[in-house]
$ cat data-v1.csv   # CSV, C-alpha atoms and all ligand atoms
chain,number,residue,atom,x,y,z
Q,222,MET,CA,74.6,80.3,131.3
Q,223,PRO,CA,72.0,77.9,129.8
Q,224,ARG,CA,73.4,75.4,127.5
Q,225,VAL,CA,72.2,75.6,123.9
Q,226,LEU,CA,72.6,72.5,121.9
Q,227,PRO,CA,72.7,72.4,118.1
Q,228,PRO,CA,69.8,70.8,116.3
Q,229,LYS,CA,69.9,67.0,115.9
Q,230,ILE,CA,70.9,65.6,112.6
Q,231,PRO,CA,67.8,63.8,111.2
Q,232,PHE,CA,68.1,60.1,110.8
Q,233,GLY,CA,66.1,59.6,107.6
Q,234,GLY,CA,62.7,61.2,107.4
Q,235,ALA,CA,61.3,63.8,105.1
Q,236,ALA,CA,64.1,66.3,105.7
Q,237,SER,CA,66.8,63.9,104.5
Q,238,GLY,CA,64.9,62.8,101.5
Q,239,ARG,CA,64.9,59.2,102.7
Q,240,PRO,CA,62.0,57.3,104.3
Q,241,GLY,CA,62.3,57.5,108.0
Q,242,PRO,CA,61.2,55.1,110.7
Q,243,PRO,CA,57.6,55.3,112.0
Q,244,SER,CA,57.2,57.4,115.1
Q,245,GLY,CA,58.6,55.5,118.2
Q,246,ALA,CA,60.3,52.8,116.1
Q,247,VAL,CA,63.8,51.8,116.8
Q,248,ARG,CA,66.0,50.7,114.0
Q,249,ALA,CA,68.3,47.7,114.3
Q,250,GLY,CA,71.8,49.0,115.2
Q,251,GLU,CA,70.6,52.6,115.6
Q,252,ARG,CA,72.5,52.9,118.9
Q,253,ASN,CA,75.8,52.7,116.9
Q,254,SER,CA,74.8,54.4,113.7
Q,255,PRO,CA,77.0,57.3,112.6
Q,256,ALA,CA,74.2,59.7,113.0
Q,257,THR,CA,73.5,58.5,116.5
Q,258,ARG,CA,77.1,58.7,117.4
Q,259,LEU,CA,77.4,62.2,115.9
Q,260,ASN,CA,74.3,63.4,117.7
Q,261,SER,CA,75.7,61.9,120.9
Q,262,PHE,CA,79.0,63.7,120.4
Q,263,MET,CA,77.3,67.0,119.6
Q,264,ALA,CA,75.0,66.7,122.6
Q,265,ASP,CA,77.3,65.4,125.2
Q,266,GLU,CA,80.8,66.3,124.3
Q,267,ILE,CA,80.6,70.1,123.8
Q,268,ASP,CA,83.4,71.6,125.9
Q,269,GLU,CA,82.0,74.6,127.6
Q,270,ALA,CA,85.5,75.9,128.5
Q,271,LEU,CA,86.5,75.8,124.8
Q,272,LEU,CA,83.3,77.5,123.9
Q,273,ASP,CA,83.9,80.2,126.4
Q,274,ALA,CA,87.5,80.7,125.1
Q,275,ALA,CA,86.2,81.0,121.6
Q,276,ARG,CA,83.6,83.5,122.7
Q,277,ARG,CA,86.3,85.6,124.4
Q,278,GLU,CA,88.5,85.4,121.3
Q,279,LEU,CA,85.7,86.6,119.1
Q,280,ASN,CA,84.9,89.5,121.5
Q,281,GLU,CA,88.6,90.5,121.4
Q,282,LEU,CA,88.5,90.4,117.6
Q,283,ALA,CA,85.4,92.5,117.6
Q,284,GLY,CA,87.2,95.0,119.7
Q,285,MET,CA,90.1,95.1,117.2
Q,286,THR,CA,87.6,95.7,114.4
Q,287,ASP,CA,86.2,98.7,116.3
Q,288,HIS,CA,89.7,100.0,116.6
Q,289,ALA,CA,90.4,99.5,112.9
Q,290,CYS,CA,87.2,101.5,112.0
Q,291,GLU,CA,88.5,104.6,113.8
Q,292,PRO,CA,88.1,107.7,111.5
Q,293,ARG,CA,91.0,108.5,109.2
Q,294,GLU,CA,93.4,111.3,110.0
Q,295,PHE,CA,93.2,114.6,108.2
Q,296,ALA,CA,96.0,115.1,105.7
Q,297,TYR,CA,97.5,118.4,104.6
Q,298,ALA,CA,96.4,119.4,101.2
Q,299,CYS,CA,97.5,123.0,100.4
Q,300,LEU,CA,97.3,126.6,101.5
Q,301,VAL,CA,93.9,128.3,101.5
Q,302,SER,CA,95.5,131.0,99.4
Q,303,GLU,CA,96.3,128.5,96.7
Q,304,VAL,CA,92.7,127.7,96.0
Q,305,PRO,CA,91.2,130.1,93.4
Q,306,ALA,CA,88.7,132.3,95.3
Q,307,ASN,CA,85.3,132.3,93.6
Q,308,GLY,CA,87.2,131.1,90.5
Q,309,ARG,CA,85.8,129.2,87.7
Q,310,HIS,CA,88.0,126.2,88.6
Q,311,GLY,CA,89.3,124.4,91.6
Q,312,LYS,CA,92.8,123.3,92.6
Q,313,VAL,CA,94.2,119.8,92.3
Q,314,VAL,CA,95.8,118.3,95.3
Q,315,PHE,CA,96.8,114.7,96.3
Q,316,VAL,CA,95.5,113.1,99.4
Q,317,ASP,CA,96.4,109.5,100.2
Q,318,ASP,CA,97.5,109.0,96.6
Q,319,SER,CA,94.1,110.2,95.4
Q,320,GLU,CA,93.5,113.2,93.2
Q,321,VAL,CA,91.2,115.7,94.8
Q,322,ALA,CA,89.6,118.9,93.5
Q,323,VAL,CA,89.5,121.7,96.1
Q,324,PHE,CA,87.1,124.6,95.5
Q,325,ASN,CA,86.6,127.9,97.2
Q,326,ILE,CA,83.0,129.0,97.0
Q,327,ALA,CA,82.3,132.4,98.6
Q,328,GLY,CA,85.1,131.8,101.1
Q,329,GLU,CA,84.1,128.2,102.0
Q,330,ILE,CA,86.4,125.4,101.0
Q,331,PHE,CA,85.0,122.2,99.6
Q,332,ALA,CA,86.8,119.1,98.3
Q,333,ILE,CA,85.6,116.2,96.1
Q,334,SER,CA,87.4,113.6,94.0
Q,335,ASN,CA,89.0,115.1,90.9
Q,336,LEU,CA,88.0,112.0,88.8
Q,337,CYS,CA,84.8,112.2,86.8
Q,338,PRO,CA,83.3,108.7,86.9
Q,339,HIS,CA,82.1,109.0,83.3
Q,340,GLU,CA,85.4,108.1,81.8
Q,341,MET,CA,87.5,108.4,85.0
Q,342,SER,CA,88.9,111.7,83.7
Q,343,PRO,CA,90.9,113.7,86.2
Q,344,LEU,CA,89.2,116.9,85.2
Q,345,LEU,CA,86.7,118.1,87.8
Q,346,ALA,CA,89.0,120.8,89.2
Q,347,ALA,CA,89.1,122.2,85.6
Q,348,GLY,CA,85.4,122.0,85.3
Q,349,PHE,CA,82.9,124.8,85.1
Q,350,VAL,CA,81.9,126.0,88.6
Q,351,ASP,CA,78.5,127.5,89.2
Q,352,CYS,CA,79.0,129.3,92.5
Q,353,GLU,CA,75.3,129.9,93.1
Q,354,ALA,CA,74.2,126.3,92.6
Q,355,ARG,CA,77.5,125.1,94.1
Q,356,THR,CA,78.0,122.6,91.2
Q,357,VAL,CA,80.9,121.8,88.9
Q,358,ALA,CA,80.4,120.5,85.4
Q,359,CYS,CA,83.0,118.2,83.9
Q,360,PRO,CA,84.6,119.9,80.9
Q,361,LEU,CA,84.5,116.9,78.7
Q,362,HIS,CA,80.8,115.9,78.5
Q,363,GLY,CA,79.1,118.0,81.1
Q,364,TRP,CA,78.3,115.6,83.9
Q,365,THR,CA,77.5,117.9,86.8
Q,366,PHE,CA,78.1,117.3,90.4
Q,367,GLU,CA,77.1,119.0,93.7
Q,368,ILE,CA,80.3,120.3,95.2
Q,369,GLU,CA,79.1,119.9,98.8
Q,370,THR,CA,77.8,116.3,98.4
Q,371,GLY,CA,79.5,114.9,95.3
Q,372,LYS,CA,76.1,113.8,94.0
Q,373,LEU,CA,75.7,113.6,90.3
Q,374,LEU,CA,72.8,115.7,89.1
Q,375,GLY,CA,70.1,114.1,86.9
Q,376,ALA,CA,71.2,110.5,87.5
Q,377,SER,CA,72.3,108.2,90.2
Q,378,GLY,CA,75.9,108.3,91.2
Q,379,SER,CA,78.4,110.5,93.0
Q,380,VAL,CA,82.1,111.2,93.5
Q,381,PRO,CA,83.9,110.8,96.9
Q,382,VAL,CA,83.7,113.9,99.1
Q,383,TYR,CA,86.3,115.1,101.6
Q,384,ASP,CA,85.8,116.6,105.0
Q,385,VAL,CA,87.7,119.9,105.3
Q,386,LYS,CA,89.5,121.4,108.2
Q,387,LEU,CA,91.2,124.8,108.0
Q,388,ALA,CA,94.1,125.6,110.4
Q,389,ASP,CA,96.5,128.5,110.2
Q,390,GLY,CA,95.7,129.2,106.5
Q,391,GLU,CA,96.1,125.6,105.6
Q,392,VAL,CA,93.6,123.1,104.1
Q,393,TRP,CA,93.5,119.7,105.6
Q,394,LEU,CA,91.3,116.9,104.1
Q,395,ARG,CA,89.9,113.6,105.1
Q,396,LEU,CA,87.9,111.2,102.9
Q,397,ARG,CA,84.3,111.3,104.2
Q,398,GLU,CA,83.1,107.8,105.3
Q,401,LIG,S1,84.5,112.4,81.3
Q,401,LIG,FE1,83.3,113.7,82.6
Q,401,LIG,S2,81.5,113.9,81.6
Q,401,LIG,FE2,82.6,112.6,80.4
$ encode --input "data-v1.csv" --output "structure tokens"
Amino acid sequence: MPRVLPPKIPFGGAASGRPGPPSGAVRAGERNSPATRLNSFMADEIDEALLDAARRELNELAGMTDHACEPREFAYACLVSEVPANGRHGKVVFVDDSEVAVFNIAGEIFAISNLCPHEMSPLLAAGFVDCEARTVACPLHGWTFEIETGKLLGASGSVPVYDVKLADGEVWLRLRE
């Protein structure tokens, strides 16, 4: 592997803000100046074995990071039958200590955070559902969110959305990344 050296530290010159020597000039005592010794150390005393070990360690850490980014597990939320079918409201459940509003729109289950970001009010499950538009309006001041995407209508913003998995009449949820 070709050896890549760090840039030399300038000894004076425009980059350092100090006047530098004219091109080709040799300062008295330059051989032993701190900058010369540091440059020499950086150029000649890089331990390739240590560098390789550091690279290996970084690669291992990167592998651990990939592992840590694995998708979350689905968590049980409730029975499908507990979610009001085509109702005006949703059902509140708790997933990973978060309040979630679960809706049944024409037989499809959706889940978004129950917290309205306007005043962090836990009220979206009690909001007004428009089944055709697939939206829910917060009962306090009317902020309206798309149930499928969590997007706030008419302004920037959104609420967290959950992936839904149905199994044996049960609703399982996972926070969407
Ligand atoms: S608290 Fe939801 S719109 Fe105000």
$ closest_residue --input "data-v1.csv" --among "Q:Ser334, Q:Ser377, Q:Thr370, Q:Ser342" --to "ligand LIG 401 (chain Q)" --atoms "all atoms listed in the file"
Q:Ser342
$ residues_near_ligand --input "data-v1.csv" --ligand "ligand LIG 401 (chain Q)" --cutoff "6 Å" --atoms "all atoms listed in the file" --output "ChimeraX atom specification"
/Q:337,339-340,342,359,361-364
$ residues_around --input "data-v1.csv" --residues "Q:Val323" --least-positions-apart "3" --cutoff "12 Å" --atoms "only C-alpha atoms" --output "ChimeraX atom specification"
/Q:298-316,320,326,329-335,344-348,350,357,368-369,382-385,392-394
$ closest_residue --input "data-v1.csv" --among "Q:Lys372, Q:Arg293, Q:Asp351, Q:Pro360" --to "Q:Glu398" --atoms "all atoms listed in the file"
Q:Arg293
$ atom_distance --input "data-v1.csv" --atom1 "atom CA of Q:Glu353" --atom2 "atom CA of Q:Gly390"
24.4 Å
$ atom_distance --input "data-v1.csv" --atom1 "atom CA of Q:Leu373" --atom2 "atom CA of Q:Ala327"
21.6 Å
$ atom_distance --input "data-v1.csv" --atom1 "atom CA of Q:Arg355" --atom2 "atom CA of Q:Glu367"
6.1 Å
$ build_atoms --input "data-v1.csv" --residues "stretch 353-387 of chain Q" --atoms "N, CA and C atoms" --output "mmCIF file, in the frame of the given file"
data_model
loop_
_atom_site.group_PDB
_atom_site.id
_atom_site.type_symbol
_atom_site.label_atom_id
_atom_site.label_comp_id
_atom_site.auth_asym_id
_atom_site.auth_seq_id
_atom_site.Cartn_x
_atom_site.Cartn_y
_atom_site.Cartn_z
ATOM 1 N N GLU Q 353 76.654 129.797 92.508
ATOM 2 C CA GLU Q 353 75.300 129.900 93.100
ATOM 3 C C GLU Q 353 74.748 128.514 93.409
ATOM 4 N N ALA Q 354 74.794 127.683 92.398
ATOM 5 C CA ALA Q 354 74.200 126.300 92.600
ATOM 6 C C ALA Q 354 75.200 125.423 93.301
ATOM 7 N N ARG Q 355 76.443 125.867 93.446
ATOM 8 C CA ARG Q 355 77.500 125.100 94.100
ATOM 9 C C ARG Q 355 77.643 123.720 93.360
ATOM 10 N N THR Q 356 77.814 123.832 92.056
ATOM 11 C CA THR Q 356 78.000 122.600 91.200
ATOM 12 C C THR Q 356 79.250 122.831 90.372
ATOM 13 N N VAL Q 357 79.760 121.709 89.890
ATOM 14 C CA VAL Q 357 80.900 121.800 88.900
ATOM 15 C C VAL Q 357 80.497 120.798 87.788
ATOM 16 N N ALA Q 358 80.669 121.270 86.557
ATOM 17 C CA ALA Q 358 80.400 120.500 85.400
ATOM 18 C C ALA Q 358 81.669 119.995 84.756
ATOM 19 N N CYS Q 359 81.754 118.711 84.485
ATOM 20 C CA CYS Q 359 83.000 118.200 83.900
ATOM 21 C C CYS Q 359 83.152 118.808 82.492
ATOM 22 N N PRO Q 360 84.370 119.243 82.193
ATOM 23 C CA PRO Q 360 84.600 119.900 80.900
ATOM 24 C C PRO Q 360 84.486 119.052 79.698
ATOM 25 N N LEU Q 361 84.509 117.729 79.880
ATOM 26 C CA LEU Q 361 84.500 116.900 78.700
ATOM 27 C C LEU Q 361 83.058 116.677 78.152
ATOM 28 N N HIS Q 362 82.155 116.189 78.996
ATOM 29 C CA HIS Q 362 80.800 115.900 78.500
ATOM 30 C C HIS Q 362 79.713 116.498 79.362
ATOM 31 N N GLY Q 363 80.109 117.266 80.356
ATOM 32 C CA GLY Q 363 79.100 118.000 81.100
ATOM 33 C C GLY Q 363 78.445 117.368 82.276
ATOM 34 N N TRP Q 364 78.882 116.169 82.646
ATOM 35 C CA TRP Q 364 78.300 115.600 83.900
ATOM 36 C C TRP Q 364 78.505 116.607 84.992
ATOM 37 N N THR Q 365 77.441 116.854 85.758
ATOM 38 C CA THR Q 365 77.500 117.900 86.800
ATOM 39 C C THR Q 365 77.294 117.356 88.158
ATOM 40 N N PHE Q 366 78.119 117.818 89.078
ATOM 41 C CA PHE Q 366 78.100 117.300 90.400
ATOM 42 C C PHE Q 366 77.929 118.402 91.455
ATOM 43 N N GLU Q 367 77.204 118.077 92.536
ATOM 44 C CA GLU Q 367 77.100 119.000 93.700
ATOM 45 C C GLU Q 367 78.462 119.022 94.362
ATOM 46 N N ILE Q 368 79.005 120.208 94.570
ATOM 47 C CA ILE Q 368 80.300 120.300 95.200
ATOM 48 C C ILE Q 368 80.293 119.909 96.667
ATOM 49 N N GLU Q 369 79.167 120.193 97.326
ATOM 50 C CA GLU Q 369 79.100 119.900 98.800
ATOM 51 C C GLU Q 369 78.901 118.403 99.033
ATOM 52 N N THR Q 370 78.169 117.726 98.142
ATOM 53 C CA THR Q 370 77.800 116.300 98.400
ATOM 54 C C THR Q 370 78.440 115.322 97.471
ATOM 55 N N GLY Q 371 78.955 115.808 96.352
ATOM 56 C CA GLY Q 371 79.500 114.900 95.300
ATOM 57 C C GLY Q 371 78.479 114.238 94.477
ATOM 58 N N LYS Q 372 77.196 114.539 94.732
ATOM 59 C CA LYS Q 372 76.100 113.800 94.000
ATOM 60 C C LYS Q 372 76.069 114.279 92.553
ATOM 61 N N LEU Q 373 75.891 113.294 91.696
ATOM 62 C CA LEU Q 373 75.700 113.600 90.300
ATOM 63 C C LEU Q 373 74.288 114.048 90.048
ATOM 64 N N LEU Q 374 74.135 115.134 89.312
ATOM 65 C CA LEU Q 374 72.800 115.700 89.100
ATOM 66 C C LEU Q 374 72.171 114.965 87.861
ATOM 67 N N GLY Q 375 70.893 114.678 87.997
ATOM 68 C CA GLY Q 375 70.100 114.100 86.900
ATOM 69 C C GLY Q 375 70.293 112.630 86.694
ATOM 70 N N ALA Q 376 71.027 111.983 87.550
ATOM 71 C CA ALA Q 376 71.200 110.500 87.500
ATOM 72 C C ALA Q 376 71.729 110.030 88.785
ATOM 73 N N SER Q 377 71.721 108.719 88.951
ATOM 74 C CA SER Q 377 72.300 108.200 90.200
ATOM 75 C C SER Q 377 73.802 108.144 90.065
ATOM 76 N N GLY Q 378 74.466 108.349 91.168
ATOM 77 C CA GLY Q 378 75.900 108.300 91.200
ATOM 78 C C GLY Q 378 76.488 109.480 91.936
ATOM 79 N N SER Q 379 77.752 109.393 92.245
ATOM 80 C CA SER Q 379 78.400 110.500 93.000
ATOM 81 C C SER Q 379 79.902 110.284 92.924
ATOM 82 N N VAL Q 380 80.600 111.300 93.380
ATOM 83 C CA VAL Q 380 82.100 111.200 93.500
ATOM 84 C C VAL Q 380 82.377 111.309 95.017
ATOM 85 N N PRO Q 381 83.502 110.743 95.451
ATOM 86 C CA PRO Q 381 83.900 110.800 96.900
ATOM 87 C C PRO Q 381 84.012 112.302 97.312
ATOM 88 N N VAL Q 382 83.609 112.526 98.564
ATOM 89 C CA VAL Q 382 83.700 113.900 99.100
ATOM 90 C C VAL Q 382 84.673 113.849 100.303
ATOM 91 N N TYR Q 383 85.332 114.962 100.546
ATOM 92 C CA TYR Q 383 86.300 115.100 101.600
ATOM 93 C C TYR Q 383 85.832 116.051 102.687
ATOM 94 N N ASP Q 384 86.017 115.667 103.955
ATOM 95 C CA ASP Q 384 85.800 116.600 105.000
ATOM 96 C C ASP Q 384 86.965 117.598 105.019
ATOM 97 N N VAL Q 385 86.648 118.849 105.322
ATOM 98 C CA VAL Q 385 87.700 119.900 105.300
ATOM 99 C C VAL Q 385 87.900 120.486 106.631
ATOM 100 N N LYS Q 386 89.171 120.673 106.965
ATOM 101 C CA LYS Q 386 89.500 121.400 108.200
ATOM 102 C C LYS Q 386 90.524 122.453 107.839
ATOM 103 N N LEU Q 387 90.284 123.655 108.324
ATOM 104 C CA LEU Q 387 91.200 124.800 108.000
ATOM 105 C C LEU Q 387 91.968 125.088 109.326
#
